[in-house]
$ cat input-v4.cif   # mmCIF, C-alpha atoms
data_input
#
loop_
_atom_site.label_atom_id
_atom_site.label_comp_id
_atom_site.auth_asym_id
_atom_site.auth_seq_id
_atom_site.Cartn_x
_atom_site.Cartn_y
_atom_site.Cartn_z
CA MET A 1 -4.95 -67.67 -57.13
CA ILE A 2 -1.72 -69.61 -57.81
CA PHE A 3 -0.80 -69.52 -54.12
CA PHE A 4 -4.31 -70.72 -53.25
CA LEU A 5 -4.02 -73.68 -55.62
CA LEU A 6 -0.57 -74.61 -54.29
CA LEU A 7 -1.83 -74.54 -50.72
CA LEU A 8 -4.88 -76.61 -51.64
CA GLY A 9 -2.65 -79.18 -53.36
CA ALA A 10 -0.38 -79.39 -50.31
CA LEU A 11 -3.33 -79.97 -47.98
CA VAL A 12 -4.73 -82.71 -50.22
CA CYS A 13 -1.38 -84.49 -50.36
CA SER A 14 -0.99 -84.28 -46.59
CA GLY A 15 -4.10 -86.41 -46.10
CA TYR A 16 -6.03 -84.01 -43.85
CA SER A 17 -9.81 -84.40 -43.69
CA SER A 18 -11.42 -82.02 -46.16
CA ARG A 19 -14.73 -81.08 -47.66
CA SER A 20 -15.77 -78.76 -50.48
CA VAL A 21 -18.82 -76.60 -49.84
CA ASP A 22 -20.85 -74.30 -52.11
CA GLY A 23 -22.45 -71.24 -50.55
CA GLU A 24 -24.84 -68.66 -51.96
CA TYR A 25 -24.17 -64.96 -51.91
CA GLY A 26 -25.87 -63.58 -48.80
CA GLY A 27 -26.14 -67.03 -47.21
CA THR A 28 -24.56 -68.57 -44.09
CA PHE A 29 -21.48 -70.76 -43.72
CA ARG A 30 -20.81 -72.91 -40.62
CA LEU A 31 -17.62 -74.50 -39.30
CA GLU A 32 -17.66 -77.09 -36.55
CA LEU A 33 -15.37 -76.34 -33.62
CA PRO A 34 -14.47 -79.61 -31.86
CA GLU A 35 -12.97 -79.57 -28.35
CA MET A 36 -9.42 -79.80 -29.72
CA ALA A 37 -9.92 -76.81 -32.05
CA HIS A 38 -7.92 -73.75 -31.08
CA PHE A 39 -7.64 -71.65 -34.25
CA VAL A 40 -9.59 -71.01 -37.44
CA VAL A 41 -7.40 -69.66 -40.22
CA PHE A 42 -8.75 -68.34 -43.53
CA ASN A 43 -6.83 -68.31 -46.80
CA PRO A 44 -8.79 -66.40 -49.48
CA ALA A 45 -9.15 -67.76 -52.99
CA ARG A 46 -8.02 -64.36 -54.25
CA GLY A 47 -5.05 -62.71 -52.61
CA PHE A 48 -2.30 -63.74 -50.23
CA LYS A 49 -3.54 -62.27 -46.95
CA VAL A 50 -4.07 -65.10 -44.47
CA LYS A 51 -6.35 -64.16 -41.58
CA THR A 52 -7.01 -65.75 -38.20
CA LEU A 53 -10.79 -65.72 -37.79
CA TRP A 54 -10.96 -67.24 -34.33
CA ASN A 55 -8.61 -67.89 -31.40
CA ARG A 56 -9.91 -69.82 -28.43
CA ASP A 57 -7.58 -67.97 -26.04
CA ASP A 58 -8.65 -64.52 -27.29
CA PRO A 59 -11.95 -64.79 -29.22
CA GLN A 60 -12.65 -61.03 -29.07
CA ALA A 61 -9.43 -60.05 -30.83
CA SER A 62 -10.55 -61.32 -34.22
CA GLN A 63 -14.28 -60.75 -33.86
CA ASP A 64 -16.13 -59.51 -36.97
CA SER A 65 -19.65 -58.16 -37.36
CA ARG A 66 -20.54 -60.87 -39.88
CA TRP A 67 -19.53 -63.91 -37.89
CA LYS A 68 -20.03 -65.28 -34.41
CA VAL A 69 -19.42 -68.43 -32.38
CA ASN A 70 -22.69 -70.22 -31.75
CA GLY A 71 -22.12 -73.11 -29.34
CA THR A 72 -19.71 -75.46 -31.09
CA HIS A 73 -19.92 -73.74 -34.48
CA LEU A 74 -18.46 -70.69 -36.14
CA GLU A 75 -21.06 -68.96 -38.32
CA ILE A 76 -20.33 -66.47 -41.10
CA ASN A 77 -23.42 -64.59 -42.28
CA GLY A 78 -24.01 -62.55 -45.40
CA LEU A 79 -21.56 -64.44 -47.57
CA ARG A 80 -19.73 -62.51 -50.28
CA LYS A 81 -17.50 -63.47 -53.17
CA ASN A 82 -14.36 -62.66 -51.20
CA ASP A 83 -15.37 -65.25 -48.58
CA SER A 84 -14.40 -68.00 -51.03
CA GLY A 85 -11.27 -69.82 -49.90
CA ILE A 86 -9.82 -72.41 -47.51
CA TYR A 87 -10.91 -72.49 -43.86
CA MET A 88 -8.41 -74.43 -41.75
CA VAL A 89 -9.30 -75.60 -38.23
CA ARG A 90 -6.13 -76.14 -36.19
CA LYS A 91 -5.06 -77.47 -32.82
CA LYS A 92 -3.22 -75.37 -30.26
CA GLU A 93 0.08 -76.60 -31.69
CA ARG A 94 -1.01 -75.26 -35.10
CA GLU A 95 -1.50 -78.76 -36.43
CA GLU A 96 -4.38 -79.13 -38.84
CA LEU A 97 -7.55 -80.86 -37.63
CA TYR A 98 -9.48 -80.49 -40.88
CA TYR A 99 -10.24 -77.88 -43.51
CA LYS A 100 -13.12 -76.80 -45.75
CA VAL A 101 -12.99 -75.23 -49.18
CA LEU A 102 -15.82 -72.71 -49.64
CA THR A 103 -16.95 -71.43 -53.03
CA VAL A 104 -19.46 -68.58 -52.90
CA ARG A 105 -21.66 -68.61 -55.99
CA VAL A 106 -24.28 -66.31 -57.46
CA ALA A 107 -27.66 -66.61 -55.73
CA ARG A 108 -30.22 -67.48 -58.40
CA ARG A 109 -34.01 -67.23 -58.14
CA LYS A 110 -36.85 -67.68 -60.62
CA TYR A 111 -40.43 -66.37 -60.45
CA ARG A 112 -43.48 -66.94 -62.64
CA LEU A 113 -46.13 -64.26 -62.16
CA ASN A 114 -49.48 -63.34 -63.66
CA TYR A 115 -49.86 -60.03 -65.45
CA GLY A 116 -50.72 -57.38 -62.85
CA GLU A 117 -49.23 -59.13 -59.82
CA ARG A 118 -46.80 -57.34 -57.50
CA PHE A 119 -43.13 -58.24 -57.81
CA ASN A 120 -40.44 -57.41 -55.29
CA TYR A 121 -37.10 -58.87 -54.31
CA SER A 122 -34.61 -57.78 -51.66
CA PHE A 123 -30.94 -58.29 -52.45
CA ASP A 124 -29.62 -58.92 -48.95
CA GLY A 125 -26.02 -59.41 -47.89
CA LEU A 126 -24.50 -56.44 -49.69
CA PRO A 127 -21.85 -54.70 -47.57
CA SER A 128 -23.28 -51.19 -48.09
CA LEU A 129 -25.91 -49.20 -49.94
CA SER A 130 -23.28 -48.02 -52.42
CA SER A 131 -22.79 -51.69 -53.36
CA CYS A 132 -26.36 -51.84 -54.70
CA ASN A 133 -26.08 -51.89 -58.49
CA ILE A 134 -29.06 -53.46 -60.28
CA TYR A 135 -29.25 -54.21 -63.97
CA PHE A 136 -32.10 -55.54 -66.09
CA THR A 137 -31.95 -57.70 -69.23
CA LYS A 138 -35.20 -58.13 -71.18
CA TYR A 139 -36.33 -61.37 -72.80
CA VAL A 140 -36.16 -59.75 -76.23
CA GLU A 141 -33.67 -60.45 -78.98
CA ASN A 142 -30.99 -57.84 -79.67
CA VAL A 143 -31.78 -55.95 -76.49
CA GLY A 144 -28.84 -55.42 -74.18
CA GLN A 145 -28.40 -54.96 -70.47
CA PHE A 146 -29.75 -51.83 -68.78
CA GLU A 147 -28.52 -50.44 -65.48
CA ILE A 148 -31.53 -49.28 -63.47
CA VAL A 149 -29.88 -48.70 -60.05
CA HIS A 150 -26.35 -47.37 -59.56
CA GLN A 151 -24.76 -47.23 -56.10
CA GLY A 152 -28.11 -47.31 -54.39
CA ARG A 153 -29.87 -44.75 -56.62
CA LEU A 154 -32.64 -45.35 -59.15
CA LEU A 155 -31.48 -43.99 -62.50
CA PRO A 156 -33.67 -41.71 -64.65
CA GLY A 157 -35.01 -42.90 -67.97
CA VAL A 158 -36.10 -46.31 -66.66
CA ASP A 159 -39.53 -45.88 -68.30
CA GLN A 160 -37.85 -46.23 -71.69
CA LEU A 161 -37.59 -49.95 -70.96
CA GLN A 162 -41.38 -50.30 -71.54
CA CYS A 163 -41.58 -51.80 -68.05
CA ALA A 164 -43.31 -49.19 -65.92
CA GLY A 165 -43.51 -48.79 -62.17
CA PHE A 166 -39.98 -49.42 -60.85
CA ASN A 167 -39.50 -48.52 -57.19
CA LEU A 168 -36.29 -48.79 -55.17
CA LEU A 169 -36.71 -49.68 -51.51
CA THR A 170 -33.87 -49.59 -48.99
CA PRO A 171 -31.41 -51.08 -48.55
CA CYS A 172 -31.44 -52.77 -51.97
CA GLU A 173 -34.93 -53.96 -52.93
CA ILE A 174 -36.59 -53.58 -56.30
CA GLU A 175 -40.40 -53.39 -56.57
CA ILE A 176 -42.94 -53.31 -59.41
CA GLN A 177 -46.50 -52.80 -58.18
CA SER A 178 -48.17 -54.24 -61.31
CA ILE A 179 -45.91 -56.35 -63.48
CA GLN A 180 -46.32 -56.45 -67.26
CA LYS A 181 -45.26 -58.94 -69.90
CA SER A 182 -42.62 -56.44 -71.03
CA CYS A 183 -41.03 -56.77 -67.56
CA SER A 184 -40.11 -60.39 -68.24
CA GLY A 185 -36.36 -60.73 -68.00
CA GLU A 186 -33.46 -61.05 -65.60
CA PHE A 187 -32.70 -58.70 -62.72
CA GLY A 188 -29.14 -58.89 -61.45
CA VAL A 189 -27.03 -57.27 -58.76
CA THR A 190 -23.30 -56.69 -58.86
CA ASP A 191 -21.26 -56.03 -55.73
CA GLU A 192 -18.58 -53.43 -55.12
CA TYR A 193 -16.14 -55.57 -57.12
CA ASP A 194 -18.49 -55.50 -60.12
CA GLU A 195 -19.15 -59.23 -59.74
CA LYS A 196 -22.56 -60.85 -59.95
CA ALA A 197 -24.13 -61.43 -56.56
CA TYR A 198 -27.76 -62.19 -57.46
CA THR A 199 -29.79 -63.03 -60.55
CA VAL A 200 -33.58 -63.11 -60.44
CA ARG A 201 -35.43 -64.36 -63.53
CA VAL A 202 -39.01 -63.11 -63.88
CA ASP A 203 -41.53 -64.54 -66.34
CA ALA A 204 -44.84 -62.65 -66.53
CA HIS A 205 -47.81 -64.36 -68.21
CA TYR A 206 -51.34 -63.27 -69.04
CA SER A 207 -54.11 -64.19 -66.63
CA THR A 208 -56.88 -66.59 -67.72
CA LEU A 209 -60.60 -66.38 -66.91
CA ASN A 210 -63.05 -69.17 -67.80
CA LEU A 211 -66.77 -68.32 -67.91
CA SER A 212 -69.73 -70.56 -68.73
CA LEU A 213 -73.11 -68.84 -69.07
CA ASN A 214 -76.59 -69.71 -70.25
CA SER A 215 -78.03 -67.83 -73.19
CA GLY A 216 -79.76 -64.67 -72.00
CA GLU A 217 -77.54 -64.17 -68.93
CA ARG A 218 -75.42 -61.08 -68.32
CA PHE A 219 -71.75 -61.28 -69.35
CA SER A 220 -69.09 -58.87 -68.09
CA PHE A 221 -65.42 -58.65 -67.15
CA THR A 222 -62.94 -55.89 -66.40
CA PHE A 223 -59.17 -55.67 -65.93
CA ASP A 224 -57.61 -52.99 -63.72
CA HIS A 225 -53.88 -53.72 -63.93
CA LEU A 226 -52.99 -51.63 -66.99
CA PRO A 227 -50.92 -48.44 -66.62
CA SER A 228 -53.74 -46.26 -68.01
CA SER A 229 -57.11 -46.46 -69.77
CA ASN A 230 -55.35 -45.61 -73.05
CA SER A 231 -53.53 -48.94 -72.72
CA CYS A 232 -56.84 -50.82 -72.99
CA ASN A 233 -57.33 -52.81 -76.19
CA ILE A 234 -59.78 -55.73 -76.43
CA HIS A 235 -59.94 -58.25 -79.26
CA PHE A 236 -62.69 -60.83 -79.84
CA TYR A 237 -62.22 -64.18 -81.57
CA GLY A 238 -65.65 -65.58 -82.42
CA SER A 239 -66.77 -68.32 -84.81
CA GLY A 240 -63.96 -69.35 -87.11
CA PHE A 241 -61.51 -67.62 -84.75
CA LYS A 242 -61.63 -64.46 -86.82
CA LYS A 243 -60.14 -61.54 -84.88
CA THR A 244 -62.24 -58.40 -84.33
CA GLU A 245 -61.00 -55.39 -82.37
CA ILE A 246 -63.84 -54.07 -80.23
CA VAL A 247 -61.93 -51.66 -77.94
CA HIS A 248 -59.01 -49.50 -79.11
CA HIS A 249 -56.98 -47.26 -76.75
CA GLY A 250 -59.80 -47.26 -74.21
CA GLN A 251 -62.59 -46.47 -76.71
CA LEU A 252 -65.39 -48.83 -77.79
CA LEU A 253 -65.39 -49.04 -81.59
CA SER A 254 -68.63 -48.19 -83.41
CA ASN A 255 -68.28 -50.33 -86.57
CA LEU A 256 -69.31 -53.62 -84.94
CA SER A 257 -72.62 -54.14 -86.77
CA HIS A 258 -71.16 -57.00 -88.80
CA LEU A 259 -70.84 -59.12 -85.66
CA GLU A 260 -73.63 -61.52 -84.76
CA CYS A 261 -72.72 -60.93 -81.14
CA ALA A 262 -74.21 -57.52 -80.32
CA GLY A 263 -74.84 -55.27 -77.34
CA PHE A 264 -71.24 -54.47 -76.28
CA LYS A 265 -70.80 -51.86 -73.55
CA LEU A 266 -67.46 -50.52 -72.31
CA LEU A 267 -66.60 -50.95 -68.63
CA LYS A 268 -63.89 -48.88 -66.97
CA PRO A 269 -60.98 -49.21 -66.60
CA CYS A 270 -60.78 -51.97 -69.23
CA GLY A 271 -63.67 -54.37 -69.77
CA ILE A 272 -66.91 -55.06 -71.60
CA GLU A 273 -70.50 -55.98 -70.76
CA ILE A 274 -73.32 -57.71 -72.67
CA ASN A 275 -76.68 -57.59 -70.89
CA SER A 276 -78.09 -60.67 -72.67
CA VAL A 277 -75.45 -62.96 -74.09
CA HIS A 278 -76.30 -65.47 -76.82
CA LYS A 279 -74.61 -68.34 -78.61
CA SER A 280 -72.87 -66.17 -81.20
CA CYS A 281 -70.90 -64.48 -78.40
CA ARG A 282 -69.02 -67.62 -77.39
CA GLY A 283 -65.30 -67.41 -78.11
CA LEU A 284 -62.15 -65.74 -76.83
CA PHE A 285 -61.63 -62.20 -75.53
CA TYR A 286 -58.09 -60.82 -75.23
CA VAL A 287 -57.05 -57.71 -73.29
CA ILE A 288 -53.96 -56.28 -75.03
CA ASP A 289 -51.71 -53.61 -73.47
CA GLU A 290 -49.96 -50.71 -75.16
CA HIS A 291 -46.98 -52.93 -76.05
CA ASP A 292 -49.22 -55.41 -77.89
CA ASP A 293 -48.74 -57.96 -75.09
CA LYS A 294 -51.63 -60.12 -73.86
CA ALA A 295 -52.73 -59.18 -70.34
CA LEU A 296 -55.99 -61.13 -69.86
CA PHE A 297 -57.44 -64.13 -71.70
CA VAL A 298 -61.22 -64.71 -71.26
CA ILE A 299 -62.82 -67.94 -72.50
CA LEU A 300 -66.62 -67.65 -72.84
CA ARG A 301 -68.89 -70.67 -73.28
CA VAL A 302 -72.61 -70.12 -73.89
CA GLU A 303 -75.11 -72.91 -73.19
CA PRO A 304 -78.83 -73.05 -74.16
CA PRO A 305 -81.18 -71.25 -71.74
CA LEU A 306 -82.44 -73.15 -68.72
CA PHE A 307 -86.06 -72.25 -69.75
CA ASP A 308 -86.57 -72.73 -73.51
CA PRO A 309 -90.19 -71.72 -74.50
CA LEU A 310 -90.04 -73.73 -77.74
CA LYS A 311 -89.01 -76.94 -75.99
CA VAL A 312 -91.54 -76.42 -73.21
CA GLY A 313 -94.31 -75.80 -75.79
CA LEU A 314 -93.45 -78.96 -77.74
CA GLY A 315 -93.34 -81.00 -74.56
CA THR A 316 -96.73 -79.69 -73.40
CA SER A 317 -98.32 -80.41 -76.80
CA ALA A 318 -96.95 -83.96 -76.78
CA ALA A 319 -98.33 -84.57 -73.30
CA LEU A 320 -101.80 -83.25 -74.22
CA LEU A 321 -101.95 -85.41 -77.36
CA SER A 322 -100.98 -88.47 -75.32
CA VAL A 323 -103.74 -87.85 -72.75
CA LEU A 324 -106.30 -87.15 -75.48
CA GLY A 325 -105.39 -90.41 -77.27
CA CYS A 326 -105.95 -92.43 -74.09
CA CYS A 327 -109.34 -90.84 -73.50
CA VAL A 328 -110.50 -91.55 -77.05
CA LYS A 329 -109.33 -95.15 -76.83
CA TYR A 330 -111.14 -95.72 -73.53
CA CYS A 331 -114.39 -94.19 -74.67
CA CYS A 332 -114.50 -95.97 -78.02
CA CYS A 333 -113.39 -99.40 -76.88
CA GLY A 334 -115.48 -99.56 -73.70
CA GLY A 335 -112.65 -99.94 -71.29
CA SER A 336 -109.04 -100.55 -70.89
CA SER A 337 -107.36 -103.23 -72.93
CA SER A 338 -105.72 -104.46 -69.78
CA ASP A 339 -108.98 -106.16 -68.72
CA LYS A 340 -108.63 -108.56 -71.63
CA ASN A 341 -105.17 -109.49 -70.66
CA GLU A 342 -105.80 -110.33 -67.00
CA PRO A 343 -104.97 -114.02 -66.21
CA ALA A 344 -107.85 -116.42 -65.34
CA ASP A 345 -108.36 -117.56 -61.75
CA GLU A 346 -107.76 -121.34 -61.51
CA ASN A 347 -110.29 -121.71 -58.61
CA ALA A 348 -113.05 -119.87 -60.33
CA GLU A 349 -116.13 -121.75 -61.59
CA PRO A 350 -116.38 -122.31 -65.32
CA ALA A 351 -118.23 -119.65 -67.13
CA VAL A 352 -121.78 -120.62 -68.09
CA GLY A 353 -123.79 -118.90 -70.74
CA TYR A 354 -127.39 -117.94 -69.91
CA LYS A 355 -130.25 -117.15 -72.28
CA GLU A 356 -133.37 -115.38 -71.19
CA VAL A 357 -136.58 -117.10 -72.45
CA ALA A 358 -140.08 -115.69 -72.16
CA VAL A 359 -142.41 -118.26 -70.48
CA SER A 360 -146.19 -117.91 -70.25
CA SER A 361 -148.13 -118.55 -67.01
CA GLU A 362 -149.93 -121.60 -68.44
CA GLU A 363 -146.68 -123.29 -69.40
CA ALA A 364 -145.37 -122.59 -65.95
CA ASN A 365 -148.30 -124.34 -64.24
CA ALA A 366 -148.23 -127.38 -66.54
#
$ encode --input "input-v4.cif" --output "structure tokens"
Amino acid sequence: MIFFLLLLGALVCSGYSSRSVDGEYGGTFRLELPEMAHFVVFNPARGFKVKTLWNRDDPQASQDSRWKVNGTHLEINGLRKNDSGIYMVRKKEREELYYKVLTVRVARRKYRLNYGERFNYSFDGLPSLSSCNIYFTKYVENVGQFEIVHQGRLLPGVDQLQCAGFNLLTPCEIEIQSIQKSCSGEFGVTDEYDEKAYTVRVDAHYSTLNLSLNSGERFSFTFDHLPSSNSCNIHFYGSGFKKTEIVHHGQLLSNLSHLECAGFKLLKPCGIEINSVHKSCRGLFYVIDEHDDKALFVILRVEPPLFDPLKVGLGTSAALLSVLGCCVKYCCCGGSSSDKNEPADENAEPAVGYKEVAVSSEEANA
């Protein structure tokens, strides 16, 4: 390290063109090879062994499986910690053209998943299967780091972590078919030098289901991502948000008569059904796993029925009374009141009153 720092200081003082670059473990690093470039020399950040990576006169002599010349660039694939250092591009006379300082850092990823989703991640770039060492740190206080894979082998006793379903896929890929809240944490890989290569942070959250039904409709839901039916626990928060357990370890409880919401039926593997839901059933339903973690969150809203007999009856009665009132008014008053309110015609002759008088025949001939 001291030699590396002295060399870096000398290059800076000499005024050569330089650039610092960060690379991720398993990533790719590129060096430009201008026409005047003849050598690429690597000085590692750790150690004193200087290596010629490329020679224009004899490119095959220093060829490595992880790097290749692609057009006017030198590419190094599958970066590792020991690739950190100074890369010097020189002319034929060994004079420096420019140099780059590469620092290979831990590759970091972060995932947010719903309870029950599949999780997998492949830790690429490791030199061999024996370099595959995976540890897991849970998001729980006072819980340490657990090694789950050692030199490419899944260790026994992983189920004690309360995160079930670990699978190891080659060459170094971890898989969980149905992730649980208890699997939230950090998965990391160390290389053959026991240095961190990857860290993957996983945050598993409960799923949410929103339902809006009319009174009298059928209500049901089920959740099939629990390890077993014995892991099924369902809680109901009704009016006043008072908690009531309705399913315990996969069994529907019998002492639910105190609830206004009635008619619960158990659905396998983990769910409930109400054939005719009513207003008292609105609220929250939680599916809880065996570790007391929330897996599913169901929000139920119950609206009045689309066909309400009481409202329809009141409306019909009001309409009949209205029609009956009009008929009575018309019959008793001799017509519609609108006739009295019609405007007079300006061109019409004035109204003249006539009186019938009985006249005898003698008066008529007089």
$ residues_around --input "input-v4.cif" --residues "Lys243 of chain A" --least-positions-apart "5" --cutoff "10 Å" --atoms "only C-alpha atoms" --output "mmCIF file with C-alpha atoms, in the frame of the given file"
data_model
loop_
_atom_site.group_PDB
_atom_site.id
_atom_site.type_symbol
_atom_site.label_atom_id
_atom_site.label_comp_id
_atom_site.auth_asym_id
_atom_site.auth_seq_id
_atom_site.Cartn_x
_atom_site.Cartn_y
_atom_site.Cartn_z
ATOM 1 C CA HIS A 235 -59.940 -58.250 -79.260
ATOM 2 C CA PHE A 236 -62.690 -60.830 -79.840
ATOM 3 C CA TYR A 237 -62.220 -64.180 -81.570
ATOM 4 C CA GLY A 238 -65.650 -65.580 -82.420
ATOM 5 C CA LEU A 284 -62.150 -65.740 -76.830
ATOM 6 C CA PHE A 285 -61.630 -62.200 -75.530
ATOM 7 C CA TYR A 286 -58.090 -60.820 -75.230
#
$ closest_residue --input "input-v4.cif" --among "A:Lys279, A:Asn55, A:Leu79, A:Asn43" --to "Gly23 of chain A" --atoms "all atoms listed in the file"
A:Leu79
$ resolve_selection --input "input-v4.cif" --expression "the PyMOL selection byres ((chain A and resi 204) around 10)" --output "list in words"
Tyr111, Arg112, Leu113, Asn114, Tyr115, Gly116, Glu117, Phe119, Ile179, Gln180, Lys181, Ser182, Cys183, Ser184, Gly185, Val202, Asp203, His205, Tyr206, Ser207 and Ala295 of chain A
$ write_last_selection --input "input-v4.cif" --atoms "C-alpha atoms" --output "PDB file, keeping the file's coordinate frame"
ATOM      1  CA  TYR A 111     -40.430 -66.370 -60.450  1.00  0.00           C
ATOM      2  CA  ARG A 112     -43.480 -66.940 -62.640  1.00  0.00           C
ATOM      3  CA  LEU A 113     -46.130 -64.260 -62.160  1.00  0.00           C
ATOM      4  CA  ASN A 114     -49.480 -63.340 -63.660  1.00  0.00           C
ATOM      5  CA  TYR A 115     -49.860 -60.030 -65.450  1.00  0.00           C
ATOM      6  CA  GLY A 116     -50.720 -57.380 -62.850  1.00  0.00           C
ATOM      7  CA  GLU A 117     -49.230 -59.130 -59.820  1.00  0.00           C
ATOM      8  CA  PHE A 119     -43.130 -58.240 -57.810  1.00  0.00           C
ATOM      9  CA  ILE A 179     -45.910 -56.350 -63.480  1.00  0.00           C
ATOM     10  CA  GLN A 180     -46.320 -56.450 -67.260  1.00  0.00           C
ATOM     11  CA  LYS A 181     -45.260 -58.940 -69.900  1.00  0.00           C
ATOM     12  CA  SER A 182     -42.620 -56.440 -71.030  1.00  0.00           C
ATOM     13  CA  CYS A 183     -41.030 -56.770 -67.560  1.00  0.00           C
ATOM     14  CA  SER A 184     -40.110 -60.390 -68.240  1.00  0.00           C
ATOM     15  CA  GLY A 185     -36.360 -60.730 -68.000  1.00  0.00           C
ATOM     16  CA  VAL A 202     -39.010 -63.110 -63.880  1.00  0.00           C
ATOM     17  CA  ASP A 203     -41.530 -64.540 -66.340  1.00  0.00           C
ATOM     18  CA  HIS A 205     -47.810 -64.360 -68.210  1.00  0.00           C
ATOM     19  CA  TYR A 206     -51.340 -63.270 -69.040  1.00  0.00           C
ATOM     20  CA  SER A 207     -54.110 -64.190 -66.630  1.00  0.00           C
ATOM     21  CA  ALA A 295     -52.730 -59.180 -70.340  1.00  0.00           C
TER      22      ALA A 295
END
$ atom_distance --input "input-v4.cif" --atom1 "atom CA of Lys100 of chain A" --atom2 "atom CA of Ser20 of chain A"
5.8 Å
$ resolve_selection --input "input-v4.cif" --expression "the PyMOL selection byres ((chain A and resi 137) around 9)" --output "ChimeraX atom specification"
/A:135-136,138-140,143-147,184-188
$ atom_distance --input "input-v4.cif" --atom1 "atom CA of Ser228 of chain A" --atom2 "atom CA of Leu155 of chain A"
23.0 Å
$ atom_distance --input "input-v4.cif" --atom1 "atom CA of Val106 of chain A" --atom2 "atom CA of Leu161 of chain A"
25.0 Å
$ closest_residue --input "input-v4.cif" --among "A:Glu273, A:Asp289, A:Glu173, A:Asp224" --to "His248 of chain A" --atoms "only C-alpha atoms"
A:Asp289
$ residues_around --input "input-v4.cif" --residues "Gly263 of chain A" --least-positions-apart "3" --cutoff "8 Å" --atoms "all atoms listed in the file" --output "PyMOL selection string"
chain A and resi 273-276
$ resolve_selection --input "input-v4.cif" --expression "the PyMOL selection byres ((chain A and resi 249) around 6)" --output "ChimeraX atom specification"
/A:230-233,248,250-251
$ closest_residue --input "input-v4.cif" --among "A:Gly85, A:Pro59, A:Gly157, A:Gly165" --to "Arg46 of chain A" --atoms "only C-alpha atoms"
A:Gly85
$ residues_around --input "input-v4.cif" --residues "Ile76 of chain A" --least-positions-apart "4" --cutoff "8 Å" --atoms "all atoms listed in the file" --output "ChimeraX atom specification"
/A:28-30,66-68
$ residues_around --input "input-v4.cif" --residues "Tyr193 of chain A" --least-positions-apart "6" --cutoff "10 Å" --atoms "only C-alpha atoms" --output "PyMOL selection string"
chain A and resi 81-82+131
$ closest_residue --input "input-v4.cif" --among "A:Pro127, A:Pro44, A:Pro227, A:Gly78" --to "Glu290 of chain A" --atoms "only C-alpha atoms"
A:Pro227
$ residues_around --input "input-v4.cif" --residues "Leu300 of chain A" --least-positions-apart "2" --cutoff "7 Å" --atoms "only C-alpha atoms" --output "mmCIF file with C-alpha atoms, in the coordinates of the input"
data_model
loop_
_atom_site.group_PDB
_atom_site.id
_atom_site.type_symbol
_atom_site.label_atom_id
_atom_site.label_comp_id
_atom_site.auth_asym_id
_atom_site.auth_seq_id
_atom_site.Cartn_x
_atom_site.Cartn_y
_atom_site.Cartn_z
ATOM 1 C CA ASN A 210 -63.050 -69.170 -67.800
ATOM 2 C CA LEU A 211 -66.770 -68.320 -67.910
ATOM 3 C CA SER A 212 -69.730 -70.560 -68.730
ATOM 4 C CA ARG A 282 -69.020 -67.620 -77.390
ATOM 5 C CA GLY A 283 -65.300 -67.410 -78.110
ATOM 6 C CA LEU A 284 -62.150 -65.740 -76.830
ATOM 7 C CA VAL A 298 -61.220 -64.710 -71.260
ATOM 8 C CA VAL A 302 -72.610 -70.120 -73.890
#
$ closest_residue --input "input-v4.cif" --among "A:Arg201, A:His38, A:Arg153, A:Lys268" --to "Cys172 of chain A" --atoms "only C-alpha atoms"
A:Arg153
